[in-house]
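Undergrad: Contents are mmCIF, N, CA, C and O atoms; file name upload-v1.cif:
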```cif
data_data
#
loop_
_atom_site.label_atom_id
_atom_site.label_comp_id
_atom_site.auth_asym_id
_atom_site.auth_seq_id
_atom_site.Cartn_x
_atom_site.Cartn_y
_atom_site.Cartn_z
N MET D 1 -12.68 -26.90 -12.80
CA MET D 1 -12.19 -25.55 -12.60
C MET D 1 -13.18 -24.57 -13.25
O MET D 1 -13.78 -24.87 -14.26
N TYR D 2 -13.33 -23.43 -12.70
CA TYR D 2 -14.28 -22.46 -13.21
C TYR D 2 -13.55 -21.30 -13.88
O TYR D 2 -12.36 -21.10 -13.72
N ASP D 3 -14.30 -20.53 -14.64
CA ASP D 3 -13.75 -19.38 -15.36
C ASP D 3 -13.60 -18.21 -14.40
O ASP D 3 -14.58 -17.68 -13.90
N LYS D 4 -12.36 -17.80 -14.16
CA LYS D 4 -12.08 -16.71 -13.23
C LYS D 4 -12.23 -15.34 -13.87
O LYS D 4 -12.10 -14.33 -13.20
N SER D 5 -12.51 -15.28 -15.16
CA SER D 5 -12.60 -13.99 -15.83
C SER D 5 -13.68 -13.10 -15.21
O SER D 5 -13.57 -11.88 -15.23
N TYR D 6 -14.72 -13.71 -14.64
CA TYR D 6 -15.76 -12.93 -13.97
C TYR D 6 -15.15 -12.02 -12.89
O TYR D 6 -15.51 -10.87 -12.76
N LEU D 7 -14.21 -12.56 -12.14
CA LEU D 7 -13.56 -11.78 -11.09
C LEU D 7 -12.78 -10.62 -11.66
O LEU D 7 -12.73 -9.54 -11.10
N PHE D 8 -12.14 -10.85 -12.78
CA PHE D 8 -11.23 -9.85 -13.34
C PHE D 8 -11.96 -8.76 -14.11
O PHE D 8 -11.39 -7.73 -14.40
N GLU D 9 -13.20 -9.00 -14.45
CA GLU D 9 -13.98 -8.00 -15.17
C GLU D 9 -14.52 -6.92 -14.25
O GLU D 9 -14.88 -5.84 -14.69
N ARG D 10 -14.55 -7.21 -12.97
CA ARG D 10 -15.10 -6.26 -12.01
C ARG D 10 -14.01 -5.32 -11.50
O ARG D 10 -12.96 -5.78 -11.06
N PRO D 11 -14.24 -4.03 -11.54
CA PRO D 11 -13.24 -3.10 -11.01
C PRO D 11 -13.23 -3.14 -9.48
O PRO D 11 -14.25 -3.44 -8.85
N LEU D 12 -12.08 -2.86 -8.89
CA LEU D 12 -12.00 -2.76 -7.44
C LEU D 12 -12.66 -1.45 -7.03
O LEU D 12 -12.39 -0.40 -7.60
N SER D 13 -13.54 -1.52 -6.05
CA SER D 13 -14.22 -0.31 -5.60
C SER D 13 -14.76 -0.54 -4.21
O SER D 13 -14.92 -1.67 -3.76
N LYS D 14 -15.08 0.57 -3.54
CA LYS D 14 -15.73 0.47 -2.24
C LYS D 14 -17.17 0.10 -2.46
O LYS D 14 -17.81 0.56 -3.39
N GLU D 15 -17.68 -0.72 -1.57
CA GLU D 15 -19.07 -1.16 -1.67
C GLU D 15 -19.89 -0.42 -0.62
O GLU D 15 -19.55 -0.45 0.56
N ASN D 16 -20.95 0.23 -1.04
CA ASN D 16 -21.81 0.96 -0.11
C ASN D 16 -22.93 0.09 0.45
O ASN D 16 -23.43 0.33 1.52
N ASN D 17 -23.30 -0.94 -0.28
CA ASN D 17 -24.37 -1.81 0.15
C ASN D 17 -23.75 -3.12 0.63
O ASN D 17 -23.52 -4.04 -0.14
N LEU D 18 -23.47 -3.20 1.91
CA LEU D 18 -22.75 -4.33 2.49
C LEU D 18 -23.52 -5.65 2.33
O LEU D 18 -22.92 -6.67 1.99
N LEU D 19 -24.81 -5.64 2.55
CA LEU D 19 -25.60 -6.85 2.42
C LEU D 19 -25.52 -7.39 0.99
O LEU D 19 -25.34 -8.59 0.78
N LYS D 20 -25.64 -6.50 0.02
CA LYS D 20 -25.54 -6.91 -1.39
C LYS D 20 -24.17 -7.52 -1.67
O LYS D 20 -24.06 -8.54 -2.34
N CYS D 21 -23.14 -6.90 -1.14
CA CYS D 21 -21.78 -7.40 -1.32
C CYS D 21 -21.64 -8.79 -0.71
O CYS D 21 -21.08 -9.71 -1.33
N PHE D 22 -22.15 -8.99 0.49
CA PHE D 22 -22.09 -10.29 1.16
C PHE D 22 -22.83 -11.36 0.34
O PHE D 22 -22.35 -12.48 0.19
N GLU D 23 -23.98 -10.99 -0.18
CA GLU D 23 -24.76 -11.94 -0.99
C GLU D 23 -23.99 -12.34 -2.24
O GLU D 23 -23.97 -13.52 -2.62
N GLU D 24 -23.34 -11.39 -2.90
CA GLU D 24 -22.59 -11.68 -4.12
C GLU D 24 -21.40 -12.60 -3.82
O GLU D 24 -21.14 -13.53 -4.57
N ILE D 25 -20.71 -12.35 -2.72
CA ILE D 25 -19.57 -13.19 -2.35
C ILE D 25 -20.06 -14.60 -2.03
O ILE D 25 -19.49 -15.59 -2.52
N HIS D 26 -21.10 -14.70 -1.24
CA HIS D 26 -21.66 -16.00 -0.88
C HIS D 26 -22.09 -16.76 -2.14
O HIS D 26 -21.75 -17.93 -2.33
N ASP D 27 -22.81 -16.09 -3.03
CA ASP D 27 -23.29 -16.73 -4.25
C ASP D 27 -22.14 -17.18 -5.14
O ASP D 27 -22.19 -18.26 -5.74
N PHE D 28 -21.08 -16.38 -5.21
CA PHE D 28 -19.93 -16.74 -6.04
C PHE D 28 -19.26 -18.00 -5.49
O PHE D 28 -18.98 -18.94 -6.23
N ILE D 29 -19.01 -18.02 -4.19
CA ILE D 29 -18.37 -19.20 -3.58
C ILE D 29 -19.27 -20.41 -3.77
O ILE D 29 -18.80 -21.49 -4.17
N TYR D 30 -20.55 -20.27 -3.52
CA TYR D 30 -21.49 -21.39 -3.63
C TYR D 30 -21.54 -21.95 -5.05
O TYR D 30 -21.50 -23.16 -5.25
N SER D 31 -21.60 -21.08 -6.03
CA SER D 31 -21.78 -21.55 -7.40
C SER D 31 -20.49 -22.06 -8.05
O SER D 31 -20.54 -22.79 -9.02
N HIS D 32 -19.33 -21.68 -7.52
CA HIS D 32 -18.07 -22.06 -8.17
C HIS D 32 -17.24 -23.11 -7.43
O HIS D 32 -16.38 -23.74 -8.02
N ASP D 33 -17.47 -23.30 -6.16
CA ASP D 33 -16.61 -24.21 -5.40
C ASP D 33 -17.29 -25.53 -5.03
O ASP D 33 -16.68 -26.38 -4.39
N GLY D 34 -18.53 -25.71 -5.41
CA GLY D 34 -19.20 -26.97 -5.17
C GLY D 34 -19.44 -27.29 -3.71
O GLY D 34 -19.54 -28.45 -3.33
N LEU D 35 -19.54 -26.27 -2.89
CA LEU D 35 -19.78 -26.48 -1.46
C LEU D 35 -21.28 -26.40 -1.18
O LEU D 35 -22.04 -25.81 -1.94
N SER D 36 -21.68 -26.97 -0.05
CA SER D 36 -23.07 -26.83 0.37
C SER D 36 -23.28 -25.39 0.83
O SER D 36 -22.33 -24.64 1.02
N THR D 37 -24.53 -25.03 1.01
CA THR D 37 -24.84 -23.67 1.48
C THR D 37 -24.18 -23.40 2.83
O THR D 37 -23.63 -22.34 3.05
N GLN D 38 -24.22 -24.40 3.72
CA GLN D 38 -23.61 -24.26 5.04
C GLN D 38 -22.09 -24.11 4.94
O GLN D 38 -21.50 -23.27 5.60
N GLN D 39 -21.45 -24.93 4.11
CA GLN D 39 -20.00 -24.84 3.94
C GLN D 39 -19.60 -23.49 3.35
O GLN D 39 -18.60 -22.91 3.74
N THR D 40 -20.40 -23.01 2.42
CA THR D 40 -20.14 -21.71 1.82
C THR D 40 -20.20 -20.61 2.87
O THR D 40 -19.32 -19.74 2.93
N LEU D 41 -21.21 -20.66 3.72
CA LEU D 41 -21.34 -19.68 4.79
C LEU D 41 -20.14 -19.74 5.73
O LEU D 41 -19.58 -18.72 6.11
N GLU D 42 -19.70 -20.95 6.07
CA GLU D 42 -18.54 -21.11 6.95
C GLU D 42 -17.27 -20.53 6.33
O GLU D 42 -16.49 -19.86 7.02
N GLU D 43 -17.06 -20.75 5.05
CA GLU D 43 -15.88 -20.18 4.37
C GLU D 43 -15.95 -18.65 4.35
O GLU D 43 -14.96 -17.97 4.57
N PHE D 44 -17.14 -18.14 4.11
CA PHE D 44 -17.32 -16.69 4.07
C PHE D 44 -17.06 -16.07 5.45
O PHE D 44 -16.41 -15.04 5.57
N VAL D 45 -17.54 -16.73 6.49
CA VAL D 45 -17.32 -16.23 7.86
C VAL D 45 -15.83 -16.23 8.19
O VAL D 45 -15.32 -15.30 8.83
N LYS D 46 -15.10 -17.25 7.74
CA LYS D 46 -13.65 -17.28 7.95
C LYS D 46 -12.98 -16.05 7.33
O LYS D 46 -12.12 -15.42 7.96
N ILE D 47 -13.39 -15.72 6.11
CA ILE D 47 -12.82 -14.55 5.43
C ILE D 47 -13.11 -13.28 6.23
O ILE D 47 -12.24 -12.43 6.42
N LEU D 48 -14.34 -13.15 6.71
CA LEU D 48 -14.71 -11.96 7.49
C LEU D 48 -13.88 -11.85 8.77
O LEU D 48 -13.40 -10.77 9.12
N PHE D 49 -13.69 -12.96 9.46
CA PHE D 49 -12.92 -12.93 10.71
C PHE D 49 -11.46 -12.58 10.46
O PHE D 49 -10.85 -11.83 11.24
N VAL D 50 -10.89 -13.09 9.39
CA VAL D 50 -9.50 -12.73 9.06
C VAL D 50 -9.40 -11.24 8.79
O VAL D 50 -8.49 -10.56 9.26
N LYS D 51 -10.35 -10.70 8.04
CA LYS D 51 -10.36 -9.26 7.74
C LYS D 51 -10.53 -8.43 9.01
O LYS D 51 -9.81 -7.45 9.22
N ILE D 52 -11.45 -8.81 9.87
CA ILE D 52 -11.67 -8.07 11.12
C ILE D 52 -10.43 -8.14 12.01
O ILE D 52 -10.00 -7.13 12.57
N PHE D 53 -9.84 -9.31 12.13
CA PHE D 53 -8.63 -9.50 12.92
C PHE D 53 -7.50 -8.61 12.41
O PHE D 53 -6.81 -7.92 13.17
N ASP D 54 -7.33 -8.57 11.09
CA ASP D 54 -6.30 -7.74 10.47
C ASP D 54 -6.54 -6.26 10.77
O ASP D 54 -5.61 -5.52 11.09
N GLU D 55 -7.78 -5.83 10.69
CA GLU D 55 -8.08 -4.42 10.94
C GLU D 55 -7.89 -4.06 12.42
O GLU D 55 -7.43 -2.97 12.74
N GLN D 56 -8.22 -4.97 13.32
CA GLN D 56 -8.04 -4.70 14.75
C GLN D 56 -6.57 -4.57 15.11
O GLN D 56 -6.20 -3.77 15.96
N LEU D 57 -5.73 -5.36 14.47
CA LEU D 57 -4.28 -5.28 14.72
C LEU D 57 -3.64 -4.11 13.99
O LEU D 57 -2.47 -3.81 14.21
N LYS D 58 -4.42 -3.48 13.12
CA LYS D 58 -3.95 -2.34 12.32
C LYS D 58 -2.72 -2.71 11.49
O LYS D 58 -1.81 -1.91 11.30
N GLU D 59 -2.70 -3.96 11.00
CA GLU D 59 -1.58 -4.42 10.18
C GLU D 59 -1.82 -4.19 8.70
O GLU D 59 -0.89 -4.12 7.92
N ASN D 60 -3.09 -4.11 8.30
CA ASN D 60 -3.45 -3.90 6.89
C ASN D 60 -2.74 -4.86 5.95
O ASN D 60 -2.21 -4.46 4.92
N GLN D 61 -2.74 -6.13 6.32
CA GLN D 61 -2.13 -7.15 5.48
C GLN D 61 -3.15 -7.80 4.54
O GLN D 61 -2.79 -8.34 3.51
N PHE D 62 -4.42 -7.74 4.90
CA PHE D 62 -5.47 -8.40 4.13
C PHE D 62 -6.03 -7.43 3.09
O PHE D 62 -7.19 -7.05 3.11
N ILE D 63 -5.16 -7.00 2.19
CA ILE D 63 -5.52 -6.06 1.13
C ILE D 63 -4.83 -6.51 -0.16
O ILE D 63 -3.95 -7.36 -0.14
N ILE D 64 -5.23 -5.92 -1.25
CA ILE D 64 -4.53 -6.10 -2.52
C ILE D 64 -4.41 -4.73 -3.17
O ILE D 64 -5.39 -3.97 -3.23
N THR D 65 -3.22 -4.39 -3.59
CA THR D 65 -3.00 -3.09 -4.25
C THR D 65 -3.44 -3.18 -5.70
O THR D 65 -3.62 -4.28 -6.25
N ASP D 66 -3.61 -2.04 -6.34
CA ASP D 66 -3.97 -2.03 -7.76
C ASP D 66 -2.93 -2.76 -8.60
O ASP D 66 -3.27 -3.52 -9.51
N ASP D 67 -1.65 -2.55 -8.30
CA ASP D 67 -0.57 -3.20 -9.03
C ASP D 67 -0.65 -4.72 -8.86
O ASP D 67 -0.53 -5.47 -9.84
N GLU D 68 -0.87 -5.18 -7.63
CA GLU D 68 -0.98 -6.62 -7.38
C GLU D 68 -2.20 -7.20 -8.11
O GLU D 68 -2.13 -8.28 -8.69
N TRP D 69 -3.31 -6.48 -8.08
CA TRP D 69 -4.53 -6.94 -8.74
C TRP D 69 -4.29 -7.09 -10.24
O TRP D 69 -4.70 -8.06 -10.85
N ASN D 70 -3.61 -6.11 -10.83
CA ASN D 70 -3.32 -6.17 -12.26
C ASN D 70 -2.41 -7.35 -12.59
O ASN D 70 -2.58 -7.99 -13.63
N ARG D 71 -1.46 -7.65 -11.72
CA ARG D 71 -0.58 -8.81 -11.94
C ARG D 71 -1.38 -10.10 -11.88
O ARG D 71 -1.19 -11.00 -12.69
N VAL D 72 -2.26 -10.22 -10.89
CA VAL D 72 -3.08 -11.42 -10.77
C VAL D 72 -3.96 -11.57 -12.01
O VAL D 72 -4.08 -12.67 -12.56
N LYS D 73 -4.57 -10.48 -12.45
CA LYS D 73 -5.43 -10.54 -13.63
C LYS D 73 -4.67 -10.97 -14.87
O LYS D 73 -5.22 -11.66 -15.72
N SER D 74 -3.41 -10.58 -14.98
CA SER D 74 -2.63 -10.93 -16.17
C SER D 74 -2.00 -12.32 -16.06
O SER D 74 -1.30 -12.76 -16.96
N GLY D 75 -2.23 -13.00 -14.94
CA GLY D 75 -1.72 -14.35 -14.78
C GLY D 75 -0.36 -14.42 -14.11
O GLY D 75 0.19 -15.50 -13.93
N GLU D 76 0.20 -13.27 -13.75
CA GLU D 76 1.49 -13.26 -13.06
C GLU D 76 1.30 -13.68 -11.60
O GLU D 76 0.22 -13.52 -11.03
N TYR D 77 2.35 -14.17 -11.02
CA TYR D 77 2.32 -14.55 -9.62
C TYR D 77 2.65 -13.31 -8.78
O TYR D 77 3.71 -12.73 -8.93
N ALA D 78 1.73 -12.89 -7.93
CA ALA D 78 1.93 -11.71 -7.09
C ALA D 78 2.49 -12.15 -5.74
O ALA D 78 1.75 -12.41 -4.80
N THR D 79 3.80 -12.25 -5.65
CA THR D 79 4.47 -12.81 -4.48
C THR D 79 4.12 -12.07 -3.19
O THR D 79 3.76 -12.70 -2.19
N ASN D 80 4.23 -10.76 -3.17
CA ASN D 80 3.95 -10.00 -1.94
C ASN D 80 2.52 -10.24 -1.47
O ASN D 80 2.28 -10.49 -0.29
N PHE D 81 1.59 -10.15 -2.37
CA PHE D 81 0.18 -10.36 -2.03
C PHE D 81 -0.04 -11.78 -1.50
O PHE D 81 -0.65 -11.97 -0.45
N THR D 82 0.47 -12.76 -2.20
CA THR D 82 0.29 -14.16 -1.80
C THR D 82 0.89 -14.43 -0.43
O THR D 82 0.27 -15.08 0.42
N ASN D 83 2.08 -13.91 -0.18
CA ASN D 83 2.72 -14.11 1.12
C ASN D 83 1.92 -13.44 2.24
O ASN D 83 1.78 -14.01 3.32
N ARG D 84 1.41 -12.24 2.00
CA ARG D 84 0.63 -11.53 3.02
C ARG D 84 -0.63 -12.30 3.36
O ARG D 84 -0.96 -12.49 4.53
N ILE D 85 -1.37 -12.74 2.36
CA ILE D 85 -2.63 -13.41 2.59
C ILE D 85 -2.43 -14.77 3.24
O ILE D 85 -3.18 -15.18 4.12
N THR D 86 -1.36 -15.46 2.82
CA THR D 86 -1.08 -16.76 3.40
C THR D 86 -0.73 -16.62 4.87
O THR D 86 -1.15 -17.37 5.70
#
```
So that I can check it, write out the structure of this file as structure tokens.
TA:
Amino acid sequence: MYDKSYLFERPLSKENNLLKCFEEIHDFIYSHDGLSTQQTLEEFVKILFVKIFDEQLKENQFIITDDEWNRVKSGEYATNFTNRIT
């Protein structure tokens, strides 16, 4: 298991440099989940497609609110968030 504190130290914000954001996500998955580079790319593409699908349907389910993020950071179970993403 890896230390998740890295995720919680970063504030939620809009990213202006999309390529940089993609590289950081790819690198994080690659370095923490023990997947090959190809597997990491495949997992990342899955996340992108789910996000695009959600936006096209205008359901806005693939999000996390500030309150939910704070609960996750504090170790609480964020039921609404977990149910939406699942």
Undergrad: Do you have the atom O of D:Leu41-atom CA of D:Glu76 distance handy?
TA: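 Distance reported for this atom pair: 29.0 Å.
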Undergrad: For atom C of D:Gln61 and atom C of D:Phe81, determine how far apart the two atoms are, in Å to one decimal place.
TA: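 Taking atom C of D:Gln61 as the start and atom C of D:Phe81 as the end point, the length is 7.9 Å.
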Undergrad: Using the chain letters and residue numbers of this document, give as number ranges by chain the residues selected by the PyMOL selection byres (((chain D and resi 62 and name CA) around 7) and name CA).
TA: D: 51, 54, 60-61, 63, 84-85
Undergrad: Convert the current residue selection to file output with N, CA, C and O atoms, as a CSV table (one decimal), in the frame of the given file.
TA:
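Writing the result to part-v9.csv gives the following:
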```
chain,number,residue,atom,x,y,z
D,51,LYS,N,-10.4,-10.7,8.0
D,51,LYS,CA,-10.4,-9.3,7.7
D,51,LYS,C,-10.5,-8.4,9.0
D,51,LYS,O,-9.8,-7.4,9.2
D,54,ASP,N,-7.3,-8.6,11.1
D,54,ASP,CA,-6.3,-7.7,10.5
D,54,ASP,C,-6.5,-6.3,10.8
D,54,ASP,O,-5.6,-5.5,11.1
D,60,ASN,N,-3.1,-4.1,8.3
D,60,ASN,CA,-3.4,-3.9,6.9
D,60,ASN,C,-2.7,-4.9,6.0
D,60,ASN,O,-2.2,-4.5,4.9
D,61,GLN,N,-2.7,-6.1,6.3
D,61,GLN,CA,-2.1,-7.2,5.5
D,61,GLN,C,-3.2,-7.8,4.5
D,61,GLN,O,-2.8,-8.3,3.5
D,63,ILE,N,-5.2,-7.0,2.2
D,63,ILE,CA,-5.5,-6.1,1.1
D,63,ILE,C,-4.8,-6.5,-0.2
D,63,ILE,O,-4.0,-7.4,-0.1
D,84,ARG,N,1.4,-12.2,2.0
D,84,ARG,CA,0.6,-11.5,3.0
D,84,ARG,C,-0.6,-12.3,3.4
D,84,ARG,O,-1.0,-12.5,4.5
D,85,ILE,N,-1.4,-12.7,2.4
D,85,ILE,CA,-2.6,-13.4,2.6
D,85,ILE,C,-2.4,-14.8,3.2
D,85,ILE,O,-3.2,-15.2,4.1
```
Undergrad: Just list as a PyMOL selection string whatever in chain D DSSP marks as alpha helix (DSSP H).
TA: chain D and resi 5-9+18-33+37-57+66-73+79-85
Undergrad: (3.3, -3.9, -4.1) in this file's frame - what residues fall within 8 Å of it? Use only N, CA, C and O atoms and give the answer as an MDAnalysis selection string.
TA: chainID D and resid 64:68 80:81
Undergrad: Please compute the atom CA of D:Arg71-atom CA of D:Leu18 distance, one decimal, in Å.
TA: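 Separation between atom CA of D:Arg71 and atom CA of D:Leu18: 26.8 Å.
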Undergrad: Find, counting all atoms listed in the file, the residue in D:Lys58, D:Gly75, D:Thr86, D:Ile25 that gets nearest to D:Thr40.
TA: D:Ile25
Undergrad: Got a sec: who's within 9 Å of D:Ile29, counting only C-alpha atoms, leaving out chain neighbours fewer than 5 positions off, as a ChimeraX atom specification?
TA: /D:24,34-35,40-41,43-44
